[in-house]
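Undergrad: My structure file data-v9.pdb, PDB, C-alpha atoms, is below:
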```pdb
MODEL        1
ATOM      1  CA  MET C   1      25.360 -47.924 -12.584  1.00  0.00           C
ATOM      2  CA  TRP C   2      25.688 -45.000 -14.995  1.00  0.00           C
ATOM      3  CA  ILE C   3      28.703 -43.362 -13.395  1.00  0.00           C
ATOM      4  CA  THR C   4      30.202 -40.731 -15.694  1.00  0.00           C
ATOM      5  CA  ASN C   5      33.999 -41.122 -15.870  1.00  0.00           C
ATOM      6  CA  GLY C   6      33.627 -44.203 -13.683  1.00  0.00           C
ATOM      7  CA  GLY C   7      36.569 -45.867 -15.374  1.00  0.00           C
ATOM      8  CA  LYS C   8      38.796 -42.772 -15.218  1.00  0.00           C
ATOM      9  CA  ALA C   9      38.267 -41.278 -11.771  1.00  0.00           C
ATOM     10  CA  ASN C  10      40.806 -41.624  -8.956  1.00  0.00           C
ATOM     11  CA  TRP C  11      38.286 -40.631  -6.297  1.00  0.00           C
ATOM     12  CA  CYS C  12      34.568 -41.310  -5.877  1.00  0.00           C
ATOM     13  CA  PHE C  13      32.231 -38.803  -4.284  1.00  0.00           C
ATOM     14  CA  LEU C  14      29.429 -40.806  -2.702  1.00  0.00           C
ATOM     15  CA  LEU C  15      25.997 -40.276  -1.208  1.00  0.00           C
ATOM     16  CA  ALA C  16      24.917 -43.369   0.736  1.00  0.00           C
ATOM     17  CA  ARG C  17      22.379 -44.329   3.375  1.00  0.00           C
ATOM     18  CA  THR C  18      23.897 -44.975   6.790  1.00  0.00           C
ATOM     19  CA  ASP C  19      20.758 -45.050   8.941  1.00  0.00           C
ATOM     20  CA  PRO C  20      19.556 -48.702   9.108  1.00  0.00           C
ATOM     21  CA  ASP C  21      16.002 -47.588   9.822  1.00  0.00           C
ATOM     22  CA  PRO C  22      14.084 -47.963   6.527  1.00  0.00           C
ATOM     23  CA  LYS C  23      11.591 -45.370   7.734  1.00  0.00           C
ATOM     24  CA  ALA C  24      14.255 -42.711   8.212  1.00  0.00           C
ATOM     25  CA  PRO C  25      13.635 -39.852   5.762  1.00  0.00           C
ATOM     26  CA  ALA C  26      16.175 -39.357   2.991  1.00  0.00           C
ATOM     27  CA  SER C  27      16.878 -35.840   4.244  1.00  0.00           C
ATOM     28  CA  LYS C  28      18.306 -37.259   7.484  1.00  0.00           C
ATOM     29  CA  ALA C  29      19.892 -40.581   6.494  1.00  0.00           C
ATOM     30  CA  PHE C  30      22.462 -39.704   3.831  1.00  0.00           C
ATOM     31  CA  PRO C  31      25.966 -38.356   4.526  1.00  0.00           C
ATOM     32  CA  ARG C  32      28.422 -37.616   1.706  1.00  0.00           C
ATOM     33  CA  PHE C  33      31.989 -38.881   1.658  1.00  0.00           C
ATOM     34  CA  VAL C  34      34.918 -39.645  -0.632  1.00  0.00           C
ATOM     35  CA  VAL C  35      36.765 -42.916  -1.261  1.00  0.00           C
ATOM     36  CA  GLU C  36      39.707 -43.908  -3.418  1.00  0.00           C
ATOM     37  CA  ALA C  37      38.554 -45.553  -6.642  1.00  0.00           C
ATOM     38  CA  ASN C  38      41.350 -48.127  -6.532  1.00  0.00           C
ATOM     39  CA  GLY C  39      40.916 -48.941  -2.850  1.00  0.00           C
ATOM     40  CA  PRO C  40      39.695 -52.223  -1.308  1.00  0.00           C
ATOM     41  CA  GLY C  41      35.988 -52.912  -1.611  1.00  0.00           C
ATOM     42  CA  ILE C  42      35.580 -51.102  -4.929  1.00  0.00           C
ATOM     43  CA  GLN C  43      35.329 -52.763  -8.334  1.00  0.00           C
ATOM     44  CA  ILE C  44      35.267 -50.658 -11.522  1.00  0.00           C
ATOM     45  CA  GLY C  45      32.917 -52.109 -14.108  1.00  0.00           C
ATOM     46  CA  ARG C  46      33.209 -52.108 -17.887  1.00  0.00           C
ATOM     47  CA  LYS C  47      32.445 -49.116 -20.073  1.00  0.00           C
ATOM     48  CA  MET C  48      28.862 -49.336 -21.235  1.00  0.00           C
ATOM     49  CA  LYS C  49      27.895 -49.506 -24.890  1.00  0.00           C
ATOM     50  CA  ARG C  50      25.205 -46.911 -25.417  1.00  0.00           C
ATOM     51  CA  MET C  51      23.024 -45.799 -28.294  1.00  0.00           C
ATOM     52  CA  GLY C  52      24.391 -42.237 -28.205  1.00  0.00           C
ATOM     53  CA  GLN C  53      26.988 -39.892 -26.695  1.00  0.00           C
ATOM     54  CA  ARG C  54      29.551 -42.668 -26.882  1.00  0.00           C
ATOM     55  CA  CYS C  55      32.595 -40.482 -26.178  1.00  0.00           C
ATOM     56  CA  SER C  56      31.603 -40.240 -22.526  1.00  0.00           C
ATOM     57  CA  ASP C  57      33.204 -42.910 -20.344  1.00  0.00           C
ATOM     58  CA  THR C  58      30.178 -44.214 -18.462  1.00  0.00           C
ATOM     59  CA  GLY C  59      30.213 -47.425 -16.466  1.00  0.00           C
ATOM     60  CA  GLY C  60      29.270 -49.169 -13.265  1.00  0.00           C
ATOM     61  CA  ILE C  61      31.029 -49.196  -9.894  1.00  0.00           C
ATOM     62  CA  VAL C  62      30.452 -52.037  -7.431  1.00  0.00           C
ATOM     63  CA  PHE C  63      30.901 -51.621  -3.671  1.00  0.00           C
ATOM     64  CA  GLU C  64      31.421 -54.767  -1.626  1.00  0.00           C
ATOM     65  CA  ASP C  65      32.404 -54.744   2.063  1.00  0.00           C
ATOM     66  CA  LEU C  66      33.654 -51.188   1.629  1.00  0.00           C
ATOM     67  CA  ARG C  67      34.822 -49.540   4.837  1.00  0.00           C
ATOM     68  CA  VAL C  68      35.067 -45.750   4.884  1.00  0.00           C
ATOM     69  CA  PRO C  69      37.232 -43.929   7.476  1.00  0.00           C
ATOM     70  CA  LYS C  70      35.396 -41.349   9.533  1.00  0.00           C
ATOM     71  CA  GLU C  71      37.707 -38.585   8.260  1.00  0.00           C
ATOM     72  CA  ASN C  72      36.447 -39.237   4.718  1.00  0.00           C
ATOM     73  CA  VAL C  73      32.992 -37.936   5.613  1.00  0.00           C
ATOM     74  CA  LEU C  74      32.537 -34.490   4.046  1.00  0.00           C
ATOM     75  CA  ILE C  75      28.955 -33.746   4.925  1.00  0.00           C
ATOM     76  CA  ALA C  76      27.287 -35.231   7.971  1.00  0.00           C
ATOM     77  CA  GLU C  77      23.952 -36.994   8.119  1.00  0.00           C
ATOM     78  CA  GLY C  78      21.008 -34.729   7.625  1.00  0.00           C
ATOM     79  CA  ALA C  79      22.594 -32.482   5.010  1.00  0.00           C
ATOM     80  CA  GLY C  80      23.976 -34.759   2.303  1.00  0.00           C
ATOM     81  CA  PHE C  81      20.729 -35.455   0.479  1.00  0.00           C
ATOM     82  CA  LYS C  82      19.612 -31.830   0.562  1.00  0.00           C
ATOM     83  CA  ILE C  83      22.938 -30.624  -0.821  1.00  0.00           C
ATOM     84  CA  ALA C  84      22.917 -33.340  -3.495  1.00  0.00           C
ATOM     85  CA  MET C  85      19.495 -32.241  -4.693  1.00  0.00           C
ATOM     86  CA  GLY C  86      20.552 -28.596  -4.578  1.00  0.00           C
ATOM     87  CA  ALA C  87      23.501 -29.418  -6.818  1.00  0.00           C
ATOM     88  CA  PHE C  88      21.072 -30.110  -9.653  1.00  0.00           C
ATOM     89  CA  ASP C  89      20.232 -26.399  -9.706  1.00  0.00           C
ATOM     90  CA  LYS C  90      23.816 -25.722 -10.757  1.00  0.00           C
ATOM     91  CA  THR C  91      24.470 -28.708 -13.032  1.00  0.00           C
ATOM     92  CA  SER C  92      21.160 -28.925 -14.901  1.00  0.00           C
ATOM     93  CA  PRO C  93      21.580 -25.630 -16.821  1.00  0.00           C
ATOM     94  CA  ALA C  94      24.774 -26.990 -18.409  1.00  0.00           C
ATOM     95  CA  ILE C  95      22.959 -30.168 -19.473  1.00  0.00           C
ATOM     96  CA  THR C  96      20.119 -28.023 -20.781  1.00  0.00           C
ATOM     97  CA  ALA C  97      22.572 -25.993 -22.849  1.00  0.00           C
ATOM     98  CA  GLY C  98      23.734 -29.224 -24.484  1.00  0.00           C
ATOM     99  CA  ALA C  99      20.154 -30.095 -25.433  1.00  0.00           C
ATOM    100  CA  VAL C 100      19.653 -26.630 -26.900  1.00  0.00           C
ATOM    101  CA  GLY C 101      22.885 -26.946 -28.875  1.00  0.00           C
ATOM    102  CA  LEU C 102      21.832 -30.311 -30.268  1.00  0.00           C
ATOM    103  CA  ALA C 103      18.500 -28.895 -31.394  1.00  0.00           C
ATOM    104  CA  LYS C 104      20.299 -26.005 -33.093  1.00  0.00           C
ATOM    105  CA  ARG C 105      22.618 -28.410 -34.917  1.00  0.00           C
ATOM    106  CA  ALA C 106      19.672 -30.552 -36.044  1.00  0.00           C
ATOM    107  CA  LEU C 107      17.862 -27.487 -37.366  1.00  0.00           C
ATOM    108  CA  GLY C 108      20.986 -26.358 -39.201  1.00  0.00           C
ATOM    109  CA  GLU C 109      21.521 -29.738 -40.844  1.00  0.00           C
ATOM    110  CA  ALA C 110      17.855 -30.024 -41.813  1.00  0.00           C
ATOM    111  CA  THR C 111      17.765 -26.501 -43.256  1.00  0.00           C
ATOM    112  CA  LYS C 112      20.902 -27.071 -45.311  1.00  0.00           C
ATOM    113  CA  TYR C 113      19.552 -30.333 -46.692  1.00  0.00           C
ATOM    114  CA  ALA C 114      16.134 -28.826 -47.411  1.00  0.00           C
ATOM    115  CA  LEU C 115      17.760 -26.126 -49.547  1.00  0.00           C
ATOM    116  CA  GLU C 116      19.928 -28.599 -51.474  1.00  0.00           C
ATOM    117  CA  ARG C 117      17.567 -31.543 -52.032  1.00  0.00           C
ATOM    118  CA  LYS C 118      15.162 -30.932 -54.905  1.00  0.00           C
ATOM    119  CA  THR C 119      11.865 -32.521 -55.853  1.00  0.00           C
ATOM    120  CA  PHE C 120       9.460 -31.456 -58.586  1.00  0.00           C
ATOM    121  CA  GLY C 121      11.975 -28.893 -59.785  1.00  0.00           C
ATOM    122  CA  LYS C 122      12.514 -26.989 -56.537  1.00  0.00           C
ATOM    123  CA  PRO C 123      14.192 -27.423 -53.123  1.00  0.00           C
ATOM    124  CA  ILE C 124      12.089 -29.424 -50.680  1.00  0.00           C
ATOM    125  CA  GLY C 125      12.354 -26.510 -48.275  1.00  0.00           C
ATOM    126  CA  GLU C 126      10.023 -24.569 -50.574  1.00  0.00           C
ATOM    127  CA  HIS C 127       7.286 -27.146 -50.127  1.00  0.00           C
ATOM    128  CA  GLN C 128       4.926 -25.987 -47.405  1.00  0.00           C
ATOM    129  CA  ALA C 129       5.011 -29.209 -45.386  1.00  0.00           C
ATOM    130  CA  VAL C 130       8.796 -29.098 -45.032  1.00  0.00           C
ATOM    131  CA  ALA C 131       8.909 -25.313 -44.569  1.00  0.00           C
ATOM    132  CA  PHE C 132       6.385 -25.465 -41.726  1.00  0.00           C
ATOM    133  CA  THR C 133       8.334 -28.262 -40.061  1.00  0.00           C
ATOM    134  CA  LEU C 134      11.496 -26.150 -40.153  1.00  0.00           C
ATOM    135  CA  ALA C 135       9.575 -23.204 -38.707  1.00  0.00           C
ATOM    136  CA  GLU C 136       8.307 -25.346 -35.812  1.00  0.00           C
ATOM    137  CA  MET C 137      11.805 -26.676 -35.175  1.00  0.00           C
ATOM    138  CA  ALA C 138      13.171 -23.139 -35.007  1.00  0.00           C
ATOM    139  CA  THR C 139      10.402 -22.021 -32.650  1.00  0.00           C
ATOM    140  CA  LYS C 140      10.921 -24.897 -30.235  1.00  0.00           C
ATOM    141  CA  GLY C 141      14.684 -24.438 -30.263  1.00  0.00           C
ATOM    142  CA  GLU C 142      14.438 -20.731 -29.506  1.00  0.00           C
ATOM    143  CA  LEU C 143      11.991 -21.285 -26.648  1.00  0.00           C
ATOM    144  CA  ALA C 144      14.286 -23.926 -25.172  1.00  0.00           C
ATOM    145  CA  ARG C 145      17.214 -21.507 -25.419  1.00  0.00           C
ATOM    146  CA  MET C 146      15.249 -18.807 -23.592  1.00  0.00           C
ATOM    147  CA  ALA C 147      14.231 -21.255 -20.851  1.00  0.00           C
ATOM    148  CA  TYR C 148      17.834 -22.388 -20.428  1.00  0.00           C
ATOM    149  CA  ARG C 149      19.133 -18.815 -20.165  1.00  0.00           C
ATOM    150  CA  ARG C 150      16.474 -17.966 -17.605  1.00  0.00           C
ATOM    151  CA  ALA C 151      17.485 -20.955 -15.494  1.00  0.00           C
ATOM    152  CA  ALA C 152      21.185 -20.107 -15.802  1.00  0.00           C
ATOM    153  CA  TRP C 153      20.475 -16.504 -14.836  1.00  0.00           C
ATOM    154  CA  GLU C 154      18.597 -17.635 -11.724  1.00  0.00           C
ATOM    155  CA  VAL C 155      21.548 -19.768 -10.635  1.00  0.00           C
ATOM    156  CA  GLY C 156      24.116 -17.101 -11.539  1.00  0.00           C
ATOM    157  CA  ALA C 157      22.212 -14.575  -9.461  1.00  0.00           C
ATOM    158  CA  GLY C 158      22.491 -16.898  -6.466  1.00  0.00           C
ATOM    159  CA  ARG C 159      18.801 -17.654  -6.394  1.00  0.00           C
ATOM    160  CA  GLY C 160      19.094 -21.340  -7.350  1.00  0.00           C
ATOM    161  CA  ASN C 161      15.475 -21.631  -8.449  1.00  0.00           C
ATOM    162  CA  THR C 162      14.657 -25.341  -8.760  1.00  0.00           C
ATOM    163  CA  TYR C 163      11.330 -24.559 -10.439  1.00  0.00           C
ATOM    164  CA  CYS C 164      12.860 -22.650 -13.361  1.00  0.00           C
ATOM    165  CA  VAL C 165      15.754 -25.088 -13.694  1.00  0.00           C
ATOM    166  CA  SER C 166      13.416 -28.084 -13.814  1.00  0.00           C
ATOM    167  CA  ILE C 167      11.198 -26.477 -16.440  1.00  0.00           C
ATOM    168  CA  ALA C 168      14.180 -25.633 -18.635  1.00  0.00           C
ATOM    169  CA  LYS C 169      15.822 -29.049 -18.376  1.00  0.00           C
ATOM    170  CA  ALA C 170      12.684 -31.076 -19.070  1.00  0.00           C
ATOM    171  CA  PHE C 171      11.485 -28.791 -21.874  1.00  0.00           C
ATOM    172  CA  ALA C 172      14.862 -28.619 -23.622  1.00  0.00           C
ATOM    173  CA  GLY C 173      15.229 -32.394 -23.408  1.00  0.00           C
ATOM    174  CA  ASP C 174      11.876 -32.877 -25.125  1.00  0.00           C
ATOM    175  CA  VAL C 175      12.708 -30.243 -27.728  1.00  0.00           C
ATOM    176  CA  ALA C 176      16.053 -31.854 -28.550  1.00  0.00           C
ATOM    177  CA  ASN C 177      14.283 -35.145 -29.236  1.00  0.00           C
ATOM    178  CA  GLN C 178      11.467 -33.573 -31.243  1.00  0.00           C
ATOM    179  CA  VAL C 179      13.768 -31.437 -33.383  1.00  0.00           C
ATOM    180  CA  ALA C 180      16.211 -34.288 -34.004  1.00  0.00           C
ATOM    181  CA  THR C 181      13.344 -36.562 -35.029  1.00  0.00           C
ATOM    182  CA  ASP C 182      11.971 -33.901 -37.382  1.00  0.00           C
ATOM    183  CA  ALA C 183      15.435 -33.503 -38.902  1.00  0.00           C
ATOM    184  CA  VAL C 184      15.573 -37.217 -39.668  1.00  0.00           C
ATOM    185  CA  GLN C 185      12.114 -36.949 -41.226  1.00  0.00           C
ATOM    186  CA  ILE C 186      13.179 -34.105 -43.492  1.00  0.00           C
ATOM    187  CA  PHE C 187      16.171 -36.148 -44.643  1.00  0.00           C
ATOM    188  CA  GLY C 188      13.793 -38.990 -45.494  1.00  0.00           C
ATOM    189  CA  GLY C 189      15.581 -42.254 -46.259  1.00  0.00           C
ATOM    190  CA  ASN C 190      18.935 -40.500 -45.985  1.00  0.00           C
ATOM    191  CA  GLY C 191      18.085 -39.637 -42.398  1.00  0.00           C
ATOM    192  CA  PHE C 192      18.108 -43.343 -41.597  1.00  0.00           C
ATOM    193  CA  ASN C 193      21.588 -43.659 -43.046  1.00  0.00           C
ATOM    194  CA  THR C 194      24.742 -43.398 -40.933  1.00  0.00           C
ATOM    195  CA  GLU C 195      26.418 -41.430 -43.741  1.00  0.00           C
ATOM    196  CA  TYR C 196      24.359 -38.413 -42.689  1.00  0.00           C
ATOM    197  CA  PRO C 197      24.649 -36.733 -39.259  1.00  0.00           C
ATOM    198  CA  VAL C 198      21.017 -36.530 -38.194  1.00  0.00           C
ATOM    199  CA  GLU C 199      20.650 -40.173 -37.159  1.00  0.00           C
ATOM    200  CA  ASN C 200      23.544 -39.608 -34.760  1.00  0.00           C
ATOM    201  CA  LEU C 201      21.838 -36.503 -33.368  1.00  0.00           C
ATOM    202  CA  MET C 202      18.635 -38.466 -32.859  1.00  0.00           C
ATOM    203  CA  ARG C 203      20.495 -41.103 -30.845  1.00  0.00           C
ATOM    204  CA  ASP C 204      22.384 -38.489 -28.839  1.00  0.00           C
ATOM    205  CA  ALA C 205      19.201 -36.578 -28.041  1.00  0.00           C
ATOM    206  CA  LYS C 206      17.482 -39.345 -26.089  1.00  0.00           C
ATOM    207  CA  ILE C 207      19.748 -39.140 -23.058  1.00  0.00           C
ATOM    208  CA  TYR C 208      18.606 -35.561 -22.396  1.00  0.00           C
ATOM    209  CA  GLN C 209      15.258 -36.993 -21.288  1.00  0.00           C
ATOM    210  CA  ILE C 210      16.992 -39.430 -18.937  1.00  0.00           C
ATOM    211  CA  TYR C 211      20.123 -38.202 -17.159  1.00  0.00           C
ATOM    212  CA  GLU C 212      20.287 -35.367 -14.648  1.00  0.00           C
ATOM    213  CA  GLY C 213      16.754 -36.371 -13.667  1.00  0.00           C
ATOM    214  CA  THR C 214      14.309 -38.046 -16.058  1.00  0.00           C
ATOM    215  CA  ALA C 215      11.494 -36.054 -17.647  1.00  0.00           C
ATOM    216  CA  GLN C 216       9.058 -37.768 -15.270  1.00  0.00           C
ATOM    217  CA  ILE C 217      11.142 -36.943 -12.191  1.00  0.00           C
ATOM    218  CA  HIS C 218      11.237 -33.294 -13.229  1.00  0.00           C
ATOM    219  CA  SER C 219       7.454 -33.340 -13.576  1.00  0.00           C
ATOM    220  CA  SER C 220       7.258 -34.642 -10.003  1.00  0.00           C
ATOM    221  CA  TRP C 221       9.623 -31.909  -8.822  1.00  0.00           C
ATOM    222  CA  ARG C 222       7.499 -29.212 -10.436  1.00  0.00           C
ATOM    223  CA  CYS C 223       4.329 -30.659  -8.920  1.00  0.00           C
ATOM    224  CA  TRP C 224       6.008 -30.592  -5.515  1.00  0.00           C
ATOM    225  CA  GLN C 225       7.099 -26.986  -6.073  1.00  0.00           C
ATOM    226  CA  ILE C 226       3.587 -25.930  -7.040  1.00  0.00           C
ATOM    227  CA  LYS C 227       2.052 -27.672  -4.018  1.00  0.00           C
ATOM    228  CA  SER C 228       4.708 -26.185  -1.767  1.00  0.00           C
ATOM    229  CA  LEU C 229       3.968 -22.705  -3.047  1.00  0.00           C
ATOM    230  CA  LYS C 230       0.260 -23.222  -2.511  1.00  0.00           C
ATOM    231  CA  LYS C 231       0.877 -24.121   1.127  1.00  0.00           C
ATOM    232  CA  ARG C 232       3.210 -21.163   1.707  1.00  0.00           C
ATOM    233  CA  VAL C 233       1.138 -18.533  -0.026  1.00  0.00           C
ATOM    234  CA  LYS C 234      -2.520 -18.300   0.863  1.00  0.00           C
ATOM    235  CA  HIS C 235      -3.453 -16.558  -2.368  1.00  0.00           C
ATOM    236  CA  VAL C 236      -0.894 -18.182  -4.656  1.00  0.00           C
ATOM    237  CA  TRP C 237      -3.233 -18.339  -7.618  1.00  0.00           C
ATOM    238  CA  HIS C 238      -3.931 -14.652  -7.237  1.00  0.00           C
ATOM    239  CA  CYS C 239      -0.152 -14.139  -7.284  1.00  0.00           C
ATOM    240  CA  CYS C 240       0.008 -16.086 -10.519  1.00  0.00           C
ATOM    241  CA  SER C 241      -2.496 -13.692 -12.084  1.00  0.00           C
ATOM    242  CA  VAL C 242      -0.025 -10.881 -11.406  1.00  0.00           C
ATOM    243  CA  LEU C 243       2.009 -12.268 -14.305  1.00  0.00           C
ATOM    244  CA  VAL C 244      -0.436 -10.609 -16.670  1.00  0.00           C
ATOM    245  CA  ASP C 245       0.803  -7.189 -15.625  1.00  0.00           C
ATOM    246  CA  GLU C 246       4.195  -7.884 -14.059  1.00  0.00           C
ATOM    247  CA  ASP C 247       7.208  -9.940 -15.070  1.00  0.00           C
ATOM    248  CA  PHE C 248       8.131 -13.313 -13.662  1.00  0.00           C
ATOM    249  CA  SER C 249      10.718 -11.799 -11.310  1.00  0.00           C
ATOM    250  CA  ALA C 250       7.980  -9.926  -9.469  1.00  0.00           C
ATOM    251  CA  PHE C 251       6.097 -13.176  -9.054  1.00  0.00           C
ATOM    252  CA  LEU C 252       9.123 -15.009  -7.672  1.00  0.00           C
ATOM    253  CA  ASN C 253       9.858 -12.166  -5.266  1.00  0.00           C
ATOM    254  CA  THR C 254       6.280 -12.319  -4.011  1.00  0.00           C
ATOM    255  CA  ILE C 255       6.643 -16.040  -3.363  1.00  0.00           C
ATOM    256  CA  ARG C 256       9.991 -15.672  -1.579  1.00  0.00           C
ATOM    257  CA  LYS C 257       8.643 -13.013   0.766  1.00  0.00           C
ATOM    258  CA  ALA C 258       5.725 -15.228   1.784  1.00  0.00           C
TER     259      ALA C 258
ENDMDL
END
```
For the file at hand, write its structure as structure tokens.

TA:
Amino acid sequence: MWITNGGKANWCFLLARTDPDPKAPASKAFPRFVVEANGPGIQIGRKMKRMGQRCSDTGGIVFEDLRVPKENVLIAEGAGFKIAMGAFDKTSPAITAGAVGLAKRALGEATKYALERKTFGKPIGEHQAVAFTLAEMATKGELARMAYRRAAWEVGAGRGNTYCVSIAKAFAGDVANQVATDAVQIFGGNGFNTEYPVENLMRDAKIYQIYEGTAQIHSSWRCWQIKSLKKRVKHVWHCCSVLVDEDFSAFLNTIRKA
């Protein structure tokens, strides 16, 4: 289910369990391999009808009695799952950038409308309630952009920091939804109308809290990271207090040296 370009791909890159022991840890039971999409044992499902981001060809792929030649194995057992999880460090910043871009578009549409639509003889953007909403939208969008750039910088520097990436992805996904919803609210009844763009943005925004790891999964990842750091560093909370006087890079370097 939910295979991007599932109906277009010629090859499938798979991560599958090969160890029959249900107690075998995921880190040791999953190799990665490739198979031809039009080969025997593979059925391409229909394109799914979704509430948003409908240009993406997303569908299901069914495997039945699929036999994979040994030479198709790219990554042996014991490494596939770890590498798959590590890939999120590189792919999540791009998804996060999309969420940030959506929030920026929603703010732009809402601001334009607020300056054009008039009530009681003046643009609705001059009413405090609307003006404060726009200010909050701008603040959230800028913070999400900063978090995304920090995560991208970590990956670009070869540090691949899962903690920063997870924070950025989850936060930007929430911001995209909040800002899009606020944009619809500013448009009022027109925001619920398909003739205006904000209802489309609101539908598109939801997926940012779901794919590339749901918001709840990212919360679990961050909890694991925090617990892991606490085990590795005896005085981790003292290290955290260093942030008052030093930047976040100093903190991360302290953790890595532990």

Undergrad: Please report the interatomic distance between CA of Gln185 in chain C and CA of Gln53 in chain C in Å with one decimal.

TA: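 Atom-to-atom, CA of Gln185 in chain C and CA of Gln53 in chain C are spaced 21.0 Å apart.
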
Undergrad: Please, what distance in Å, to one decimal, runs between CA of Glu142 in chain C and CA of Gln216 in chain C?

TA: 22.8 Å

Undergrad: Counting only C-alpha atoms, figure out which residue out of C:Met146, C:Ile61, C:Ala138, C:Ala99 gets nearest to Gln43 in chain C.

TA: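 Of all the options, C:Ile61 lies closest to Gln43 in chain C.
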
Undergrad: Name the residues that the PyMOL selection byres ((chain C and resi 70-74) around 6) pulls out of this structure, and write them as a list of chain:residue names.

TA: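 Taken on the displayed file, the PyMOL selection byres ((chain C and resi 70-74) around 6) yields the residues C:Arg32, C:Phe33, C:Val34, C:Pro69, C:Ile75.
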
Undergrad: Give me the result of the PyMOL selection byres ((chain C and resi 175) around 9) on this file, residue by residue, as a PyMOL selection string.

TA: chain C and resi 99-100+103+137+140-141+144+170-174+176-180

Undergrad: I'd like to know which of C:Ile186, C:Ala106, C:Leu201, C:Cys164 is closest to Phe132 in chain C, using all atoms listed in the file.

TA: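 Using all atoms listed in the file, Phe132 in chain C sits closest to C:Ile186.
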
Undergrad: Could you work out how far CA of Met48 in chain C lies from CA of Val198 in chain C, giving the answer in Å with one decimal?

TA: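 Atom-to-atom, CA of Val198 in chain C to CA of Met48 in chain C, that is 22.7 Å.
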
Undergrad: Give as a PyMOL selection string the residues that the PyMOL selection byres ((chain C and resi 91) around 12) matches when applied to the coordinates above.

TA: chain C and resi 84-90+92-98+148+151-152+155-156+160+162+165-166+169+211-213

Undergrad: For each of C:Leu134, C:Leu15, C:Ala168, C:Val68, take the minimum atom-to-atom distance to Gly108 in chain C, counting only C-alpha atoms, then give the residue where this is smallest.

TA: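 The answer is C:Leu134, which sits nearest to Gly108 in chain C.
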
Undergrad: Counting only C-alpha atoms, figure out which residue out of C:Pro20, C:Gly41, C:Pro25, C:Arg46 gets nearest to Asn5 in chain C.

TA: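 Smallest separation from Asn5 in chain C among the options: C:Arg46.
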
Undergrad: For Arg50 in chain C, which residue out of C:Phe63, C:Trp221, C:Tyr196, C:Trp2 is the nearest one, using only C-alpha atoms?

TA: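 Smallest distance to Arg50 in chain C is found for C:Trp2.
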
Undergrad: Contacts of Asn38 in chain C at 10 Å or less, counting all atoms listed in the file, minus same-chain residues fewer than 5 places along, as a ChimeraX atom specification?

TA: /C:9-12,43-44

Undergrad: Which residues come within 6 Å of range 110-116 of chain C, counting all atoms listed in the file, excluding same-chain residues fewer than 4 positions away, as a compact mmCIF listing (two decimals) with C-alpha atoms, in the coordinates of the input?

TA:
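Result written to part.txt:
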```
# COMPACT_ATOMS: atom_id res chain seq x y z
CA PRO C 123 14.19 -27.42 -53.12
CA ILE C 124 12.09 -29.42 -50.68
CA GLY C 125 12.35 -26.51 -48.28
CA ALA C 183 15.44 -33.50 -38.90
```

Undergrad: Under the rule that only C-alpha atoms are counted, which of C:Met202, C:Thr181, C:Ile167, C:Gly101 is the nearest residue to Ile217 in chain C?

TA: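 Of C:Met202, C:Thr181, C:Ile167, C:Gly101, the one nearest Ile217 in chain C is C:Ile167, counting only C-alpha atoms.
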
Undergrad: Set the distance at 12 Å and use all atoms listed in the file: which residues neighbour Arg54 in chain C once local chain neighbours fewer than 3 positions away are removed? I'd like the list as number ranges by chain.

TA: C: 4-5, 47-51, 57-59, 200-201, 203-204, 207

Undergrad: Can I get the selected residues back with C-alpha atoms, as a short mmCIF file (atom, residue, chain, number, x, y, z; two decimals), keeping the file's coordinate frame?

TA:
```cif
data_model
loop_
_atom_site.label_atom_id
_atom_site.label_comp_id
_atom_site.auth_asym_id
_atom_site.auth_seq_id
_atom_site.Cartn_x
_atom_site.Cartn_y
_atom_site.Cartn_z
CA THR C 4 30.20 -40.73 -15.69
CA ASN C 5 34.00 -41.12 -15.87
CA LYS C 47 32.44 -49.12 -20.07
CA MET C 48 28.86 -49.34 -21.24
CA LYS C 49 27.90 -49.51 -24.89
CA ARG C 50 25.20 -46.91 -25.42
CA MET C 51 23.02 -45.80 -28.29
CA ASP C 57 33.20 -42.91 -20.34
CA THR C 58 30.18 -44.21 -18.46
CA GLY C 59 30.21 -47.42 -16.47
CA ASN C 200 23.54 -39.61 -34.76
CA LEU C 201 21.84 -36.50 -33.37
CA ARG C 203 20.50 -41.10 -30.84
CA ASP C 204 22.38 -38.49 -28.84
CA ILE C 207 19.75 -39.14 -23.06
#
```
